[in-house]
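K.L.:
This is structure-v5.txt, which holds compact mmCIF, C-alpha atoms and all ligand atoms:
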# COMPACT_ATOMS: atom_id res chain seq x y z
CA MET I 15 -58.01 16.53 -20.90
CA VAL I 16 -55.74 15.66 -17.97
CA ARG I 17 -55.60 12.19 -16.46
CA LEU I 18 -53.75 11.46 -13.21
CA SER I 19 -53.33 8.20 -11.37
CA ALA I 20 -52.41 7.74 -7.72
CA GLN I 21 -52.12 4.94 -5.19
CA TRP I 22 -55.10 6.41 -3.36
CA ILE I 23 -57.94 8.67 -4.38
CA VAL I 24 -60.23 9.76 -1.55
CA PRO I 25 -63.50 11.03 -3.09
CA ILE I 26 -65.01 11.54 0.44
CA THR I 27 -68.61 10.75 -0.57
CA THR I 28 -67.63 7.24 -1.72
CA PRO I 29 -64.97 4.83 -0.35
CA PRO I 30 -61.29 5.47 -1.21
CA ILE I 31 -60.05 4.03 -4.50
CA HIS I 32 -56.77 2.12 -4.49
CA ASN I 33 -54.82 2.66 -7.73
CA GLY I 34 -57.34 5.18 -8.96
CA VAL I 35 -57.58 7.57 -11.87
CA ILE I 36 -58.93 11.09 -11.95
CA GLU I 37 -59.78 12.63 -15.32
CA ILE I 38 -60.29 16.35 -15.81
CA VAL I 39 -61.98 17.89 -18.82
CA GLU I 40 -61.80 21.67 -18.78
CA SER I 41 -62.90 22.81 -15.32
CA ARG I 42 -64.69 19.64 -14.28
CA LEU I 43 -64.03 16.10 -13.16
CA ALA I 44 -64.99 13.69 -15.92
CA TYR I 45 -64.03 10.42 -14.23
CA VAL I 46 -63.02 9.34 -10.73
CA GLY I 47 -62.56 5.61 -10.38
CA PRO I 48 -60.36 2.55 -10.71
CA LYS I 49 -57.57 2.43 -13.26
CA THR I 50 -59.26 0.23 -15.79
CA GLN I 51 -57.91 -0.50 -19.28
CA GLN I 52 -59.96 2.37 -20.68
CA TYR I 53 -58.47 4.87 -18.25
CA SER I 54 -54.84 3.77 -18.23
CA ASN I 55 -53.67 5.49 -21.45
CA GLU I 56 -52.26 9.00 -21.45
CA THR I 57 -52.19 8.91 -17.67
CA GLU I 58 -49.64 10.75 -15.59
CA GLU I 59 -48.52 8.47 -12.78
CA LEU I 60 -48.30 10.15 -9.39
CA SER I 61 -47.43 6.75 -7.85
CA ASN I 62 -47.41 7.09 -4.05
CA ALA I 63 -49.70 10.10 -3.82
CA ILE I 64 -53.04 10.60 -2.07
CA ILE I 65 -55.57 12.75 -3.94
CA VAL I 66 -58.29 14.47 -1.90
CA PRO I 67 -60.79 17.25 -2.65
CA GLY I 68 -59.45 20.75 -2.03
CA PHE I 69 -59.97 21.52 1.65
CA ILE I 70 -62.65 23.98 2.73
CA ASN I 71 -62.02 26.47 5.51
CA ALA I 72 -65.54 27.45 6.51
CA HIS I 73 -64.59 30.25 8.89
CA THR I 74 -61.66 32.58 8.56
CA HIS I 75 -60.81 36.28 8.47
CA LEU I 76 -58.15 36.71 5.79
CA ASP I 77 -58.03 40.47 6.44
CA LEU I 78 -56.74 39.96 9.99
CA SER I 79 -53.52 38.26 8.85
CA TRP I 80 -51.55 41.42 9.68
CA MET I 81 -52.41 41.03 13.38
CA SER I 82 -50.67 37.67 13.84
CA ASP I 83 -48.59 39.12 16.69
CA LEU I 84 -51.78 39.19 18.82
CA ARG I 85 -51.21 35.46 19.28
CA ASP I 86 -48.39 36.31 21.66
CA GLU I 87 -50.67 38.22 24.00
CA GLY I 88 -52.75 35.44 25.53
CA GLY I 89 -56.19 34.17 24.84
CA ASP I 90 -58.68 36.34 26.71
CA LEU I 91 -61.43 36.91 24.11
CA VAL I 92 -62.68 40.32 25.30
CA ALA I 93 -59.15 41.71 25.79
CA TRP I 94 -58.17 40.31 22.39
CA LEU I 95 -61.16 42.01 20.70
CA SER I 96 -60.19 45.30 22.38
CA ARG I 97 -56.69 44.98 20.96
CA ILE I 98 -58.05 44.43 17.44
CA VAL I 99 -60.09 47.63 17.77
CA GLU I 100 -57.07 49.55 19.14
CA ARG I 101 -54.85 48.33 16.35
CA ARG I 102 -57.19 49.69 13.68
CA ARG I 103 -57.66 52.96 15.53
CA GLY I 104 -54.06 54.02 15.15
CA LEU I 105 -54.17 53.95 11.34
CA ASP I 106 -55.65 56.10 8.61
CA ASP I 107 -57.86 54.70 5.83
CA ALA I 108 -55.02 54.29 3.34
CA GLN I 109 -52.89 52.38 5.87
CA ILE I 110 -55.78 50.11 6.77
CA ARG I 111 -56.52 49.45 3.11
CA GLN I 112 -52.89 48.54 2.47
CA ARG I 113 -52.78 46.12 5.41
CA ILE I 114 -56.06 44.49 4.36
CA VAL I 115 -54.89 43.99 0.79
CA GLU I 116 -51.56 42.53 1.97
CA SER I 117 -53.36 40.35 4.50
CA ALA I 118 -55.74 38.98 1.88
CA ARG I 119 -52.80 38.13 -0.39
CA GLN I 120 -50.90 36.47 2.42
CA GLY I 121 -54.05 34.56 3.35
CA VAL I 122 -54.55 33.29 -0.19
CA THR I 123 -50.91 32.12 -0.36
CA GLU I 124 -51.26 30.30 2.95
CA CYS I 125 -54.53 28.65 1.94
CA LEU I 126 -53.27 27.41 -1.41
CA GLY I 127 -50.01 26.30 0.19
CA SER I 128 -51.87 23.97 2.53
CA GLY I 129 -54.37 22.49 0.08
CA VAL I 130 -57.30 24.79 0.81
CA THR I 131 -59.31 25.71 -2.30
CA MET I 132 -62.32 27.42 -0.70
CA VAL I 133 -62.90 29.66 2.29
CA GLY I 134 -65.79 31.29 4.10
CA ASP I 135 -64.14 34.65 4.66
CA ILE I 136 -65.52 37.17 7.15
CA SER I 137 -64.55 40.70 6.21
CA ARG I 138 -65.30 44.03 7.91
CA SER I 139 -63.96 45.75 4.78
CA CYS I 140 -65.49 43.49 2.18
CA GLY I 141 -65.36 46.14 -0.55
CA ILE I 142 -61.55 45.93 -0.35
CA THR I 143 -61.18 42.18 0.08
CA ARG I 144 -63.67 41.28 -2.66
CA ALA I 145 -61.88 43.45 -5.21
CA GLU I 146 -58.68 41.62 -4.26
CA LEU I 147 -60.14 38.10 -4.25
CA LYS I 148 -62.64 38.14 -7.13
CA ASN I 149 -60.37 36.56 -9.74
CA GLY I 150 -59.40 33.49 -7.72
CA PRO I 151 -57.89 31.00 -7.77
CA LEU I 152 -59.10 30.61 -4.19
CA ARG I 153 -62.88 30.21 -4.01
CA VAL I 154 -64.38 32.62 -1.51
CA VAL I 155 -67.79 33.03 0.04
CA SER I 156 -67.26 36.59 1.24
CA PHE I 157 -69.32 37.39 4.32
CA GLY I 158 -69.49 41.17 4.69
CA GLU I 159 -69.39 41.74 8.41
CA MET I 160 -71.78 44.14 10.11
CA VAL I 161 -72.08 45.75 13.51
CA GLY I 162 -74.94 47.89 14.80
CA ILE I 163 -75.68 48.29 18.48
CA GLY I 164 -76.20 51.19 20.90
CA THR I 165 -74.63 54.38 19.58
CA ARG I 166 -73.37 52.39 16.57
CA ARG I 167 -76.78 51.45 15.28
CA GLY I 168 -76.42 54.01 12.53
CA ALA I 169 -73.43 52.17 11.04
CA LEU I 170 -75.55 49.23 9.95
CA ASP I 171 -77.19 50.60 6.82
CA GLY I 172 -73.88 51.52 5.16
CA LEU I 173 -72.32 48.18 6.09
CA LEU I 174 -75.35 46.29 4.77
CA THR I 175 -75.14 48.14 1.46
CA GLU I 176 -71.44 47.25 1.17
CA ALA I 177 -71.97 43.60 2.19
CA GLY I 178 -74.91 43.18 -0.19
CA ASP I 179 -73.07 44.69 -3.16
CA ARG I 180 -72.62 41.85 -5.62
CA ARG I 181 -70.57 43.62 -8.24
CA PHE I 182 -67.50 41.45 -7.49
CA ASP I 183 -69.34 38.12 -7.71
CA SER I 184 -67.63 35.70 -10.09
CA GLU I 185 -66.81 32.03 -10.69
CA PHE I 186 -64.58 32.33 -7.60
CA LEU I 187 -66.43 34.74 -5.35
CA ARG I 188 -69.90 34.80 -3.87
CA SER I 189 -71.15 37.66 -1.72
CA ALA I 190 -72.73 36.87 1.63
CA VAL I 191 -73.55 38.65 4.90
CA SER I 192 -72.49 38.34 8.50
CA PRO I 193 -74.14 40.10 11.41
CA HIS I 194 -71.03 39.97 13.61
CA ALA I 195 -72.09 38.72 17.05
CA PRO I 196 -74.86 39.16 19.66
CA TYR I 197 -72.76 41.73 21.56
CA SER I 198 -72.08 43.88 18.48
CA ILE I 199 -75.42 43.91 16.62
CA ASP I 200 -78.82 44.19 18.26
CA ALA I 201 -81.91 42.12 17.52
CA ASP I 202 -83.51 44.72 15.22
CA GLY I 203 -80.29 45.04 13.22
CA ALA I 204 -79.78 41.29 12.96
CA ARG I 205 -83.40 40.85 11.87
CA LYS I 206 -82.92 43.45 9.16
CA VAL I 207 -79.81 41.66 7.88
CA VAL I 208 -81.61 38.31 7.87
CA GLU I 209 -84.56 39.72 5.91
CA TYR I 210 -82.21 41.31 3.39
CA ALA I 211 -80.24 38.07 3.01
CA ARG I 212 -83.31 35.92 2.44
CA LEU I 213 -84.76 38.38 -0.05
CA ASN I 214 -81.49 38.46 -2.01
CA HIS I 215 -80.49 34.79 -1.58
CA LEU I 216 -77.28 35.58 0.27
CA PRO I 217 -75.71 33.07 2.68
CA ILE I 218 -75.53 34.17 6.33
CA SER I 219 -72.89 33.57 8.96
CA MET I 220 -72.64 34.73 12.56
CA HIS I 221 -70.28 34.31 15.50
CA LEU I 222 -72.58 32.70 18.06
CA ALA I 223 -72.36 31.03 21.45
CA GLU I 224 -68.63 31.67 21.43
CA SER I 225 -68.04 32.65 25.06
CA VAL I 226 -69.63 32.62 28.51
CA GLU I 227 -69.38 36.44 28.50
CA GLU I 228 -71.61 36.53 25.39
CA ILE I 229 -74.24 34.39 27.12
CA GLN I 230 -74.13 36.64 30.18
CA PHE I 231 -74.52 39.75 27.99
CA LEU I 232 -77.51 38.36 26.08
CA GLN I 233 -79.24 37.18 29.21
CA THR I 234 -78.59 40.15 31.52
CA GLY I 235 -77.02 42.99 29.51
CA GLN I 236 -74.15 42.94 32.02
CA GLY I 237 -70.59 41.68 32.29
CA ARG I 238 -67.44 42.17 30.30
CA PHE I 239 -69.18 42.82 26.96
CA ARG I 240 -71.12 45.66 28.55
CA GLU I 241 -67.79 47.07 29.77
CA PHE I 242 -66.34 46.51 26.30
CA LEU I 243 -69.18 48.50 24.70
CA GLU I 244 -68.82 51.24 27.31
CA GLN I 245 -65.10 51.53 26.55
CA LEU I 246 -65.91 51.79 22.84
CA GLY I 247 -68.46 54.50 23.59
CA ALA I 248 -71.10 52.27 22.02
CA TRP I 249 -73.21 51.60 25.10
CA ASP I 250 -76.55 53.38 25.46
CA GLU I 251 -79.92 52.70 27.03
CA SER I 252 -81.34 51.27 23.80
CA ILE I 253 -79.48 48.04 24.58
CA VAL I 254 -81.88 45.74 26.41
CA PRO I 255 -81.03 42.19 27.41
CA ALA I 256 -82.80 39.55 25.34
CA GLY I 257 -83.01 37.16 28.28
CA LEU I 258 -82.20 34.28 25.94
CA THR I 259 -79.24 32.05 25.25
CA PRO I 260 -77.47 32.72 21.91
CA VAL I 261 -79.00 29.96 19.78
CA ARG I 262 -82.52 30.62 21.12
CA TRP I 263 -81.98 34.32 20.40
CA ALA I 264 -80.87 33.51 16.85
CA ASP I 265 -83.88 31.24 16.44
CA GLU I 266 -86.23 34.08 17.50
CA LEU I 267 -84.64 36.31 14.87
CA ASN I 268 -85.27 33.68 12.21
CA LEU I 269 -81.52 33.58 11.58
CA LEU I 270 -81.17 29.78 11.58
CA GLY I 271 -81.60 27.80 8.38
CA PRO I 272 -79.80 25.76 5.72
CA ASP I 273 -78.29 29.00 4.39
CA CYS I 274 -76.84 29.86 7.81
CA LEU I 275 -73.44 28.99 9.21
CA ILE I 276 -72.71 29.50 12.89
CA ALA I 277 -69.09 30.11 13.82
CA HIS I 278 -67.91 28.45 17.04
CA GLY I 279 -71.03 27.37 18.95
CA ASN I 280 -68.77 26.59 21.91
CA TYR I 281 -71.52 26.84 24.53
CA VAL I 282 -74.82 25.15 23.65
CA ASP I 283 -77.26 22.84 25.40
CA ALA I 284 -79.06 19.80 23.99
CA GLU I 285 -82.17 21.76 23.04
CA GLU I 286 -80.08 24.31 21.16
CA ILE I 287 -78.36 21.51 19.24
CA ASP I 288 -81.82 20.25 18.30
CA LEU I 289 -82.77 23.75 17.09
CA LEU I 290 -79.62 23.92 14.94
CA CYS I 291 -80.21 20.46 13.49
CA ALA I 292 -83.92 20.92 12.81
CA SER I 293 -83.27 24.20 11.01
CA GLY I 294 -80.47 22.73 8.86
CA THR I 295 -77.94 25.23 10.25
CA SER I 296 -74.24 24.35 9.90
CA VAL I 297 -71.65 24.91 12.62
CA ALA I 298 -67.96 25.68 12.10
CA PHE I 299 -65.75 24.33 14.86
CA CYS I 300 -62.42 26.18 15.07
CA PRO I 301 -60.33 23.75 17.15
CA ARG I 302 -57.13 25.75 17.54
CA ALA I 303 -58.94 29.07 18.12
CA HIS I 304 -61.01 27.19 20.71
CA ALA I 305 -57.80 26.10 22.43
CA PHE I 306 -56.25 29.58 22.17
CA PHE I 307 -59.19 31.16 24.01
CA ARG I 308 -59.22 28.31 26.57
CA HIS I 309 -62.90 27.50 26.20
CA ALA I 310 -64.66 24.64 27.97
CA PRO I 311 -64.41 21.25 26.19
CA TYR I 312 -66.10 21.43 22.78
CA PRO I 313 -69.43 19.53 22.43
CA LEU I 314 -68.44 18.03 19.06
CA LEU I 315 -69.76 14.57 19.87
CA SER I 316 -73.14 16.02 20.94
CA TYR I 317 -73.35 18.01 17.71
CA LEU I 318 -72.51 14.98 15.59
CA GLY I 319 -74.89 12.80 17.60
CA GLY I 320 -77.62 15.40 17.02
CA GLY I 321 -77.01 15.32 13.27
CA VAL I 322 -75.70 18.87 12.80
CA ASN I 323 -73.61 19.54 9.69
CA MET I 324 -70.20 20.13 11.30
CA CYS I 325 -67.34 21.76 9.42
CA VAL I 326 -64.07 23.37 10.50
CA GLY I 327 -62.54 26.82 10.36
CA THR I 328 -59.18 28.21 11.31
CA ASP I 329 -60.51 31.62 12.36
CA SER I 330 -57.82 34.25 11.75
CA LEU I 331 -54.03 34.30 12.02
CA ALA I 332 -54.58 36.66 14.96
CA CYS I 333 -55.50 33.62 17.06
CA CYS I 334 -54.40 30.57 15.04
CA PRO I 335 -50.89 29.75 13.79
CA THR I 336 -51.84 28.63 10.24
CA LEU I 337 -54.75 28.72 7.79
CA SER I 338 -54.39 24.99 7.10
CA VAL I 339 -57.57 22.94 7.32
CA LEU I 340 -55.48 19.76 7.50
CA ASP I 341 -53.82 21.17 10.64
CA GLU I 342 -57.32 21.69 12.12
CA LEU I 343 -58.42 18.19 11.15
CA ARG I 344 -55.29 16.74 12.75
CA GLU I 345 -56.20 18.66 15.91
CA VAL I 346 -59.74 17.20 15.78
CA HIS I 347 -58.25 13.71 15.27
CA ARG I 348 -55.93 14.21 18.25
CA ARG I 349 -58.66 15.54 20.55
CA PHE I 350 -61.41 13.15 19.45
CA PRO I 351 -59.66 9.85 18.69
CA GLU I 352 -63.02 8.06 18.88
CA LEU I 353 -64.10 9.68 15.59
CA SER I 354 -63.21 7.81 12.44
CA PRO I 355 -60.64 9.45 10.13
CA GLU I 356 -63.26 9.26 7.36
CA LEU I 357 -65.69 11.36 9.38
CA VAL I 358 -63.00 13.86 10.40
CA LEU I 359 -62.09 14.41 6.73
CA THR I 360 -65.72 15.13 5.81
CA MET I 361 -65.58 18.11 8.18
CA GLY I 362 -62.84 19.72 6.09
CA THR I 363 -64.39 18.91 2.71
CA ILE I 364 -68.01 18.07 1.86
CA ASN I 365 -69.47 19.42 5.12
CA GLY I 366 -67.65 22.71 4.57
CA ALA I 367 -69.00 22.84 1.02
CA ARG I 368 -72.52 22.22 2.35
CA ALA I 369 -72.09 24.95 4.96
CA LEU I 370 -71.09 27.40 2.21
CA GLY I 371 -73.92 26.39 -0.12
CA SER I 372 -71.50 24.87 -2.62
CA ALA I 373 -71.83 21.10 -2.20
CA HIS I 374 -73.19 20.80 -5.75
CA LEU I 375 -69.86 22.19 -7.04
CA VAL I 376 -67.05 21.16 -4.70
CA GLY I 377 -66.20 19.25 -1.52
CA SER I 378 -65.95 15.77 -3.01
CA LEU I 379 -64.45 14.09 -6.06
CA GLU I 380 -67.36 13.14 -8.30
CA ALA I 381 -67.77 13.31 -12.05
CA GLY I 382 -69.47 16.58 -12.96
CA LYS I 383 -68.13 18.58 -10.02
CA ARG I 384 -65.45 21.26 -10.35
CA ALA I 385 -61.93 19.81 -10.54
CA ASP I 386 -60.68 21.23 -7.21
CA PHE I 387 -58.29 18.76 -5.59
CA ALA I 388 -55.05 18.41 -3.67
CA VAL I 389 -52.27 15.88 -4.24
CA PHE I 390 -50.42 14.88 -1.10
CA THR I 391 -47.09 13.05 -1.20
CA PRO I 392 -44.91 11.56 1.54
CA ALA I 393 -42.85 14.21 3.32
CA GLU I 394 -39.13 14.19 2.59
CA HIS I 395 -36.95 11.73 4.50
CA SER I 396 -39.90 9.45 4.96
CA ASN I 397 -41.01 6.78 2.61
CA PRO I 398 -44.18 5.17 3.86
CA ASN I 399 -45.36 2.10 2.07
CA THR I 400 -48.83 2.26 0.63
CA PRO I 401 -50.92 3.14 3.69
CA GLU I 402 -53.82 0.89 4.54
CA SER I 403 -56.06 3.85 5.26
CA PRO I 404 -55.29 7.00 3.28
CA GLU I 405 -57.53 9.06 5.57
CA GLU I 406 -55.64 7.92 8.64
CA ALA I 407 -52.31 8.44 6.90
CA LEU I 408 -53.15 12.08 6.14
CA LEU I 409 -54.29 12.76 9.70
CA ASP I 410 -51.28 11.08 11.27
CA GLY I 411 -48.73 12.56 8.82
CA PRO I 412 -46.10 12.98 7.53
CA TRP I 413 -47.60 13.98 4.19
CA LYS I 414 -47.15 17.27 2.41
CA LEU I 415 -48.95 19.09 -0.37
CA GLY I 416 -47.50 18.18 -3.76
CA ARG I 417 -49.92 19.84 -6.16
CA LEU I 418 -53.16 21.74 -6.06
CA TYR I 419 -55.78 22.14 -8.79
CA VAL I 420 -58.67 24.59 -8.88
CA ASN I 421 -61.21 24.54 -11.69
CA GLY I 422 -59.03 22.01 -13.50
CA LEU I 423 -55.94 24.24 -13.48
CA ARG I 424 -52.82 23.53 -11.52
CA VAL I 425 -52.23 26.39 -9.08
CA ARG I 426 -49.38 24.82 -7.02
ZN ZN Q 1 -64.21 34.58 13.58
Using the file provided, produce a representation of the structure as structure tokens.
P.N.:
Amino acid sequence: MVRLSAQWIVPITTPPIHNGVIEIVESRLAYVGPKTQQYSNETEELSNAIIVPGFINAHTHLDLSWMSDLRDEGGDLVAWLSRIVERRRGLDDAQIRQRIVESARQGVTECLGSGVTMVGDISRSCGITRAELKNGPLRVVSFGEMVGIGTRRGALDGLLTEAGDRRFDSEFLRSAVSPHAPYSIDADGARKVVEYARLNHLPISMHLAESVEEIQFLQTGQGRFREFLEQLGAWDESIVPAGLTPVRWADELNLLGPDCLIAHGNYVDAEEIDLLCASGTSVAFCPRAHAFFRHAPYPLLSYLGGGVNMCVGTDSLACCPTLSVLDELREVHRRFPELSPELVLTMGTINGARALGSAHLVGSLEAGKRADFAVFTPAEHSNPNTPESPEEALLDGPWKLGRLYVNGLRVR
């Protein structure tokens, strides 16, 4: 048994507790509440700390960490995607494997170092990343990424077999599937993935409504994504425009649902937001990736007003400077000052857990849940008095990660 006390405990699903105690028995939380007589013995005092659930990064690509220099090259999405393809092309299988393994390790270090205990990780080489990540301590929902369009339709079956392979599933890792995006997998392929996922109870994630070029491609089959596919040698006459916007297209494919997480959703209309909400689909907003690619203002308030489960993701280090969820939440707080700090924090915790099908285990501090939590302390050279609002204090800084626990064990 471990018992810690802090000036603030922020359970997320209930109001913050001033002078609270958190008790851990084995891998679970046994008590989260005020420091009563009964819970004041054998307690380690963390005095001026704030304890929050481990943060949840709902959308990232740990295996792209080795391409962080692409951040220097400007934020044109189609050009950026071309560069990712080029970068892989110059390497043999062994070199790619080595970079993916190193990237996954670097990603785990960065996540744990910023208080993140769970990620939704998209991986084109999920056989490699899962072998690397299966033993934790970072929790991973590993979305095996699939493409299959035009001349590349034949690639899908092999990718689906790899993505659906659950041999690495563990306490820390859950296999899942990701049809990549509407410009890289066709409707038949996406439908096949969805049917497979539902049959095998695998979570689904897809990049959707990310760019205006994607909308143009789906509606007309033209534009920069057509050129992109032509350059790849993937274009052929089997590609026919759907004539639909991305969310309506996904709805037709039966992709939407409570087991589905949409990444980005930068360009949606009110009816599409209703479709997402009614189907129970979650959406991961990636604020700094959104800024990097210079998208139109994000419809976060419309999503929240519509009742969509909104979480955050960092996307990869190839377009975002850190894998810190707190950095993303601070960006949300800065861009949307009208949102309460309490609500902003839910996006990086319980909403992320819900989006990854894990809200019964993590995402909030409640007795019975896994003991995944972060201890933040005042940054050096600053000595704030007890803040009135711990949520606001974390979003305004300066606070740094002091400790991190996963499954009841201290990992930082
Ligand atoms: Zn992504």
K.L.:
With a distance cut-off of 9 Å and all atoms listed in the file, select the neighbouring residues of segment 36-42 of chain I, excluding the residue or stretch itself and same-chain residues fewer than 3 positions from it, and output the selection as a PyMOL selection string.
P.N.:
chain I and resi 15-20+23+45-49+53+57+65+379+381-386+420-423
K.L.:
Using atom CA of Phe390 of chain I and atom CA of Leu408 of chain I as the two end points, give the distance in Å to one decimal.
P.N.:
8.2 Å
K.L.:
Find the residues near ligand ZN 1 (chain Q). Use a cut-off of 7 Å, count all atoms listed in the file, and write them as an mmCIF file with C-alpha atoms, keeping the file's coordinate frame.
P.N.:
data_model
loop_
_atom_site.group_PDB
_atom_site.id
_atom_site.type_symbol
_atom_site.label_atom_id
_atom_site.label_comp_id
_atom_site.auth_asym_id
_atom_site.auth_seq_id
_atom_site.Cartn_x
_atom_site.Cartn_y
_atom_site.Cartn_z
ATOM 1 C CA HIS I 73 -64.590 30.250 8.890
ATOM 2 C CA THR I 74 -61.660 32.580 8.560
ATOM 3 C CA HIS I 75 -60.810 36.280 8.470
ATOM 4 C CA HIS I 221 -70.280 34.310 15.500
ATOM 5 C CA ALA I 277 -69.090 30.110 13.820
ATOM 6 C CA ASP I 329 -60.510 31.620 12.360
ATOM 7 C CA SER I 330 -57.820 34.250 11.750
#
K.L.:
Given all atoms listed in the file as the basis, pick out the residue of I:Ile114, I:Ile142, I:Ile199, I:Val282 nearest to Arg102 of chain I.
P.N.:
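For Arg102 of chain I, the nearest of the candidates is I:Ile114.
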K.L.:
What does the distance between atom CA of His309 of chain I and atom CA of Leu359 of chain I come to in Å, to one decimal place?
P.N.:
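Going from atom CA of His309 of chain I over to atom CA of Leu359 of chain I covers 23.5 Å.
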K.L.:
With only C-alpha atoms as the basis for distance, which of I:Gly319, I:Pro260, I:Gly129, I:Gly134 is at the shortest distance from Leu353 of chain I?
P.N.:
I:Gly319
K.L.:
What are the closest atom pairs, with distances in Å to one decimal, for all residues of segment 48-104 of chain I lying within 6 Å of segment 360-374 of chain I? Consider only C-alpha atoms, order rows by chain and residue number, and present the result as CSV.
P.N.:
residue,atom,partner,partner_atom,distance
I:Phe69,CA,I:Thr363,CA,5.2
I:Ile70,CA,I:Thr363,CA,5.4
I:Ala72,CA,I:Gly366,CA,5.5
K.L.:
Output C-alpha atoms of each residue in that selection to a file, as a PDB file, keeping the file's coordinate frame.
P.N.:
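So the final result, stored in result31.pdb, reads:
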ATOM      1  CA  PHE I  69     -59.970  21.520   1.650  1.00  0.00           C
ATOM      2  CA  ILE I  70     -62.650  23.980   2.730  1.00  0.00           C
ATOM      3  CA  ALA I  72     -65.540  27.450   6.510  1.00  0.00           C
TER       4      ALA I  72
END
K.L.:
What does the distance between atom CA of Arg308 of chain I and atom CA of Val261 of chain I come to in Å, to one decimal place?
P.N.:
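A separation of 21.0 Å between them.
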K.L.:
Pick from I:Ala264, I:Gln21, I:Val155, I:Gly235: nearest to Ala63 of chain I, with all atoms listed in the file counted?
P.N.:
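Closest candidate: I:Gln21.
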K.L.:
Taking 4 positions as the minimum chain separation for residues in the same chain, which residues sit within 8 Å of segment 115-119 of chain I when counting all atoms listed in the file? Answer as a PyMOL selection string.
P.N.:
chain I and resi 76-80+111+123+142-143+146-147
K.L.:
Could you take the residues named above and write them with C-alpha atoms, as a PDB file, keeping the file's coordinate frame?
P.N.:
ATOM      1  CA  LEU I  76     -58.150  36.710   5.790  1.00  0.00           C
ATOM      2  CA  ASP I  77     -58.030  40.470   6.440  1.00  0.00           C
ATOM      3  CA  LEU I  78     -56.740  39.960   9.990  1.00  0.00           C
ATOM      4  CA  SER I  79     -53.520  38.260   8.850  1.00  0.00           C
ATOM      5  CA  TRP I  80     -51.550  41.420   9.680  1.00  0.00           C
ATOM      6  CA  ARG I 111     -56.520  49.450   3.110  1.00  0.00           C
ATOM      7  CA  THR I 123     -50.910  32.120  -0.360  1.00  0.00           C
ATOM      8  CA  ILE I 142     -61.550  45.930  -0.350  1.00  0.00           C
ATOM      9  CA  THR I 143     -61.180  42.180   0.080  1.00  0.00           C
ATOM     10  CA  GLU I 146     -58.680  41.620  -4.260  1.00  0.00           C
ATOM     11  CA  LEU I 147     -60.140  38.100  -4.250  1.00  0.00           C
TER      12      LEU I 147
END
K.L.:
With all atoms listed in the file as the basis for distance, which of I:Asp86, I:Glu228, I:Glu266, I:Glu159 is at the shortest distance from Leu174 of chain I?
P.N.:
I:Glu159
